[in-house]
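Contents: one structure, followed by commentary.
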Amino acid sequence: MNSLNKVLRNKAIRYLLLGLGFAAVIALTGMNVYSLYDIRDKMTMGVEERQIALVEDLIQDVRREIYSPFTGLNKIELEPVEYSISESGQFPPQLQEKIEKAAASPLFTGIYYTPADIDPCLDESKIYAYNYNEHQLEQTGNYPTILCDGVGLARTKARIELNSFNYRWNNNIEFDAHRTMNIGFINLKENRVIGYLTTTLDKDYIVNDLIQPLMTRYFSPDSAGGTVLWLHDWANDVVLATNDPSVQYDFEIVDKRQRFGTSMFENWNIKVAFMDNPLATAYNDTLVKNLVVLGFAVLFLVGALLFMFYTAQRERALALRQAGFLANVTHELKTPLAVMQAAGENISDGRVKDTARLKQYGDHIYSEAIRLRKMIEKLLDVAKTDSGQTLIQATPVNVNEALKAFVAENREYIESKGFNVGLKLTAKPALVMLDHDHFENVIGNLTENAIKYSRENKNILYTSSSSDKEVTINVSDTGIGIPRKHIRNIFKKFYRVEDTLVAKTKGHGLGLSIVRNLIQLNGGKIDVQSEVGIGTTFSLKFPILVKEEHSLTSKPENNAESATVIDPKEYA
Ligand code: ADP
C-alpha cells in the first residue's frame with residue numbers, strides 16, 4: 001500500500017513538473033511575443049513621429065514665408081502711422097520698407113490700410129489702398145468686398161478687440177481663412193487700436209507655388225517612405241495639393257491631421273497617411289522572422305520537454321519491468337539449482353542404486369543444467385549488448401545454406417515438441433555478411449518462441465526469398481499470435497504480453513530484445529506480422545553482399561524437394 005502511494009505520488013509529481021514546464025514555456029512565449037510586438041510598435045511609432053516632425057517643419061516654412069515681410073514689426077514704433085499717412089501718403093520709413101517687401105511678394109495681391117475709426121462696411125467709407133507703382137497709399141472708396149463681406153476684417157477686428165483689456169504687443173495678426181491677413185496696429189501707451197493693415201492673399205500661388213513644392217521637397221514620393229500628404233480644404237472638402245497624386249484621398253486612411261497654427265488658414269489642414277512605410281515594413285519583416293525563430297525554439301523546447309518526460313516514463317517502466325524480472329529470475333535460478341542439488345545429493349550419498357532411477361536423476365540434472373545455462377547465456381547476452389561489448393565476427397554467409405543447416409540440426413528437437421517443420425528456400429543464392437553464431441542465436445530464439453507460443457496447431461515454417469538488394473528470412477508459426485497493441489513493445493527488454501498462455505509460459509521478455517540487437521548489429525532489419533489466433537511471422541532482412549553470378553560458394557539450389565514444404569495458407 002505504501003509503495004502504491006509512493007508510485008502515485010511520484011506520478012503526480014512528474015505530471016505536475018511537466019505541467020509547470022509547459023506553463024513556463026507558455027509564459028516565456030507570451031512575454032516574448034508581447035515584447036516583439038511592443039518593440040515593433042515603438043519603432044514604427046518612432047518612424048511616424050519623425051515624419052510628423054517633418055510635416056511640422058513644412059508648416060513652419062509656410063508660416064515663415066507668409067510672415068517674412070513683416071518680421072521685426074514689433075520693434076517698430078507704430079504710433080506715428082496716423083500722422084505719417086496723412087502727411088506723406090506713406091507709412092513711417094521702417095514700416096514702409098516692410099510694406100514694399102510685402103508688395104514685392106507674390107503671396108499678396110493687394111495691401112490696404114483701414115484707420116481704426118473707419119468702418120469699411122459702410123457704403124461711403126474710404127480706406128487706403130497701396131499703389132504698387134507709386135509706392136504709396138491712396139485714399140479710395142474702391143476696395144475689394146473681401147474687406148467687408150461679413151467675415152473679413154470685421155472678424156479680425158472683433159478678435160483683436162477681445163484682447164483690448166491688455167494689449168501686450170504693438171501688433172496682432174489674424175487671418176480671414178486663406179483670403180486675407182490682417183495686422184492690427186496697436187498704440188500700447190494708450191491701449192487702443194491705431195488701424196488695420198490688410199493684405200489679400202493669392203490662394204493659387206500659396207497652394208501651387210508655396211505649399212505644393214514644399215510637400216514634394218519634404219516628401220517626394222520616391223523617398224517619402226510611403227507617407228502621403230494632402231492639403232485639404234475641409235470646409236469645402238476638396239484636396240488642393242498632394243505630394244503623391246497616385247494615392248487617392250480618403251479620410252479613412254488618414255492617420256494624422258496638422259493645422260497651420262494659430263489663426264492661419266483655418267479651413268485648411270494637412271492630412272497625413274502612413275501607407276507602407278519601408279521602415280515599418282522592415283520592422284514587420286523582422287517581427288515575422290523573430291516570431292518564426294521563436295516558434296521553432298518553442299517547438300524545440302516543447303519537443304525536448306516531451307522527449308524528457310517520455311524517456312523518464314520509459315526508463316521507469318523499464319526499471320519496473322527489471323525489478324519484476326529480478327524477483328522472477330532469482331526464483332527461476334533457484335528452482336533448477338534446487339532440483340540439481342536434490343538429485344546430486346541423492347546420487348552422491350549412494351542411496352539410489354537402481355540404474356533406471358540413476359538415469360532419471362542424471363537426466364534431471366542434465367536438463368536443468370541446460371535450462372540454467374540458457375538462462376545465464378541470455379542474461380550475459382543482454383549484459384553484453386547493454387555495455388556495447390557484443391563482438392561480431394561477420395563472414396559471408398549463404399542464407400539458404402545456413403537456414404538449411406539450422407533446420408537439419410534442430411528438426412528432431414522441434415518435431416519432438418509435436419511441430420511440423422517446413423522449409424522453403426526461394427532466395428536466389430547470394431551471400432550476406434553475418435556472424436554465424438548470431439544468426440543461429442536469432443533463429444534459435446524465434447524458434448523457441450514459436451514453440452512456446454503455439455497451442456494445438458503446431459507448425460513452423462522457415463522461408464527465404466530475395467529481391468535485388470536484400471534477402472528475407474521468415475520464421476512463421478500458427479500459434480496464439482500477438483495482440484496488435486503489444487506488437488510495438490515486444491522487442492523491448494523485459495516486455496511480455498500479459499496473456500494467460502504467456503503467463504504460464506516461462507520467459508523473461510529478453511529473447512526478442514536480444515534478437516533485435518543482434519540483427520541490427522549485423523546490419524539487418526526485423527519486422528513482425530501477427531494475428532491473434534492465426535499466427536506470427538518474424539521477417540529478417542539483410543542486404544546482399546554478392547549475387548548469384550559472383551557467388552563465392554556452390555551452385556544454385558532448389559531445396560523445395562529436400563524439405564517438407566508447408567503452404568502458409570494451410571495454417572489458417
Ligand atoms: P519471452 O518469450 O521470454 O517472454 P521474448 O522477448 O522472446 O520474451 O518475447 C516477448 C513477448 O513477445 C513474449 O512474452 C510473447 O508475449 C510475445 N511473442 C514472442 N514471440 C511470439 C510468437 N511467436 N507468438 C506469439 N507471441 C510471441
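Following the order of the C-alpha cells, chains are lettered A, B, ..., residues in each are numbered from 1, and ligands are numbered from 1.
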### Expected selection as a VMD selection string for ligand 1 within 7 Å, only C-alpha atoms and all ligand atoms
chain A and resid 445 to 446 449 to 450 453 to 454 477 479 to 482 490 to 491 493 to 498 502 506 to 513 535 to 536
Store the residues picked out above, limited to C-alpha atoms, as a PDB file, in the first residue's frame.
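This is the output file out08.pdb:
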ATOM      1  CA  ASN A 445      15.248 -17.601 -30.246  1.00  0.00           C
ATOM      2  CA  LEU A 446      12.493 -17.190 -32.835  1.00  0.00           C
ATOM      3  CA  ASN A 449       9.150 -18.501 -29.194  1.00  0.00           C
ATOM      4  CA  ALA A 450       7.200 -20.257 -31.963  1.00  0.00           C
ATOM      5  CA  TYR A 453       3.513 -19.587 -28.076  1.00  0.00           C
ATOM      6  CA  SER A 454       1.602 -22.250 -30.024  1.00  0.00           C
ATOM      7  CA  ASP A 477       4.154 -20.146 -36.765  1.00  0.00           C
ATOM      8  CA  GLY A 479       0.418 -20.042 -32.696  1.00  0.00           C
ATOM      9  CA  ILE A 480      -1.538 -17.692 -30.474  1.00  0.00           C
ATOM     10  CA  GLY A 481      -0.416 -14.513 -32.220  1.00  0.00           C
ATOM     11  CA  ILE A 482       0.309 -11.151 -30.638  1.00  0.00           C
ATOM     12  CA  ILE A 490       7.617  -6.912 -27.770  1.00  0.00           C
ATOM     13  CA  PHE A 491      11.184  -6.032 -28.736  1.00  0.00           C
ATOM     14  CA  LYS A 493      13.706  -5.550 -22.794  1.00  0.00           C
ATOM     15  CA  PHE A 494      11.695  -7.497 -20.172  1.00  0.00           C
ATOM     16  CA  TYR A 495       8.452  -6.925 -22.045  1.00  0.00           C
ATOM     17  CA  ARG A 496       5.949  -9.763 -22.034  1.00  0.00           C
ATOM     18  CA  VAL A 497       2.372  -9.807 -23.280  1.00  0.00           C
ATOM     19  CA  GLU A 498       0.028 -10.210 -20.353  1.00  0.00           C
ATOM     20  CA  VAL A 502       2.282 -16.206 -21.811  1.00  0.00           C
ATOM     21  CA  LYS A 506       8.413 -19.487 -18.941  1.00  0.00           C
ATOM     22  CA  GLY A 507      10.256 -16.443 -20.186  1.00  0.00           C
ATOM     23  CA  HIS A 508      11.612 -13.105 -19.155  1.00  0.00           C
ATOM     24  CA  GLY A 509      10.978 -10.880 -22.115  1.00  0.00           C
ATOM     25  CA  LEU A 510      14.623 -10.908 -23.156  1.00  0.00           C
ATOM     26  CA  GLY A 511      14.624 -13.133 -26.257  1.00  0.00           C
ATOM     27  CA  LEU A 512      13.285 -10.630 -28.792  1.00  0.00           C
ATOM     28  CA  SER A 513      15.334  -7.779 -27.399  1.00  0.00           C
ATOM     29  CA  GLY A 535      -0.083 -16.996 -36.143  1.00  0.00           C
ATOM     30  CA  THR A 536       3.016 -14.884 -36.220  1.00  0.00           C
TER      31      THR A 536
END
Which polymer residues have any atom within 12 Å of an atom of Ala405 (chain A), counting only C-alpha atoms, with same-chain residues fewer than 6 positions away left out, as a PDB file with C-alpha atoms, in the first residue's frame?
ATOM      1  CA  VAL A 397      27.046 -16.449 -45.363  1.00  0.00           C
ATOM      2  CA  ASN A 398      24.787 -18.180 -47.860  1.00  0.00           C
ATOM      3  CA  VAL A 399      21.432 -17.752 -46.151  1.00  0.00           C
ATOM      4  CA  ARG A 411      14.406 -30.700 -36.798  1.00  0.00           C
ATOM      5  CA  LEU A 423      11.476 -25.131 -45.160  1.00  0.00           C
ATOM      6  CA  HIS A 436      27.101 -17.169 -37.973  1.00  0.00           C
ATOM      7  CA  PHE A 439      22.370 -15.996 -36.925  1.00  0.00           C
ATOM      8  CA  GLU A 440      21.872 -19.267 -35.066  1.00  0.00           C
ATOM      9  CA  ILE A 443      16.737 -18.216 -35.483  1.00  0.00           C
ATOM     10  CA  TYR A 462      11.223 -21.261 -42.400  1.00  0.00           C
ATOM     11  CA  ASN A 559      15.559 -27.063 -51.717  1.00  0.00           C
ATOM     12  CA  ALA A 563      12.353 -30.026 -47.388  1.00  0.00           C
TER      13      ALA A 563
END
Find the residues of region 242-276 of chain A that sit at most 12 Å from region 195-204 of chain A; for each, write down the nearest two atoms and how far apart they are in Å, to one decimal. Count only C-alpha atoms. Sort by chain, then by number going up, and give it as JSON lines.
{"residue": "A:Met264", "atom": "CA", "partner": "A:Leu201", "partner_atom": "CA", "distance": 11.6}
{"residue": "A:Phe265", "atom": "CA", "partner": "A:Lys203", "partner_atom": "CA", "distance": 10.2}
{"residue": "A:Trp268", "atom": "CA", "partner": "A:Lys203", "partner_atom": "CA", "distance": 11.5}
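Of the listed residues A:Glu252, A:Met31, A:Asn269, A:Ala154, the one whose atoms come nearest to Val238 (chain A) is A:Asn269, with distances taken using only C-alpha atoms.
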### Query
Quick one: distance from CA of Leu294 (chain A) to CA of Thr44 (chain A) in Å, one decimal?
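Separating CA of Leu294 (chain A) from CA of Thr44 (chain A) is a distance of 21.0 Å.
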### Message
DSSP on the backbone, strand (DSSP E or B) only: what residues of region 265-360 of chain A does that give? Format it as a VMD selection string.
### Response
chain A and resid 268 to 274
### Query
Can you tell me how far CA of Lys126 (chain A) sits from CA of Gly141 (chain A), in Å to one decimal?
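Between CA of Lys126 (chain A) and CA of Gly141 (chain A) the gap is 4.3 Å.
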When you look at Arg357 (chain A) with a cut-off of 12 Å (counting only C-alpha atoms), what residues show up, excluding the ones that are within fewer than 6 positions of it in the same chain? I need them as a CSV table (one decimal) with N, CA, C and O atoms, in the first residue's frame.
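Produced file out.csv, reproduced below:
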chain,number,residue,atom,x,y,z
A,343,ALA,N,18.9,-33.9,-6.7
A,343,ALA,CA,19.3,-35.1,-7.4
A,343,ALA,C,20.7,-35.5,-7.2
A,343,ALA,O,21.0,-36.7,-6.9
A,346,ASN,N,21.1,-37.1,-3.7
A,346,ASN,CA,20.6,-38.5,-3.7
A,346,ASN,C,21.6,-39.4,-4.3
A,346,ASN,O,21.8,-40.6,-3.9
A,347,ILE,N,22.2,-39.0,-5.4
A,347,ILE,CA,23.2,-39.9,-6.1
A,347,ILE,C,24.5,-40.0,-5.2
A,347,ILE,O,25.0,-41.1,-5.0
A,350,GLY,N,24.7,-42.3,-2.2
A,350,GLY,CA,24.7,-43.7,-2.6
A,350,GLY,C,23.3,-44.3,-2.3
A,350,GLY,O,23.2,-45.5,-2.3
A,351,ARG,N,22.3,-43.5,-2.0
A,351,ARG,CA,21.0,-44.1,-1.7
A,351,ARG,C,20.3,-44.7,-2.9
A,351,ARG,O,19.6,-45.6,-2.8
A,363,ASP,N,19.3,-37.4,-16.0
A,363,ASP,CA,18.5,-36.6,-17.0
A,363,ASP,C,18.1,-35.2,-16.4
A,363,ASP,O,18.2,-34.2,-17.0
A,364,HIS,N,17.6,-35.4,-15.1
A,364,HIS,CA,17.1,-34.1,-14.4
A,364,HIS,C,18.2,-33.1,-14.4
A,364,HIS,O,18.0,-32.0,-14.7
### Query
Between A:Glu412, A:Asp233, A:Asp38, A:Asp61, which has the minimum distance to Ile270 (chain A) (counting only C-alpha atoms)?
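The answer is A:Asp233, which sits nearest to Ile270 (chain A).
With CA of Ile194 (chain A) on one side and CA of Pro115 (chain A) on the other, the separation reads 6.3 Å.
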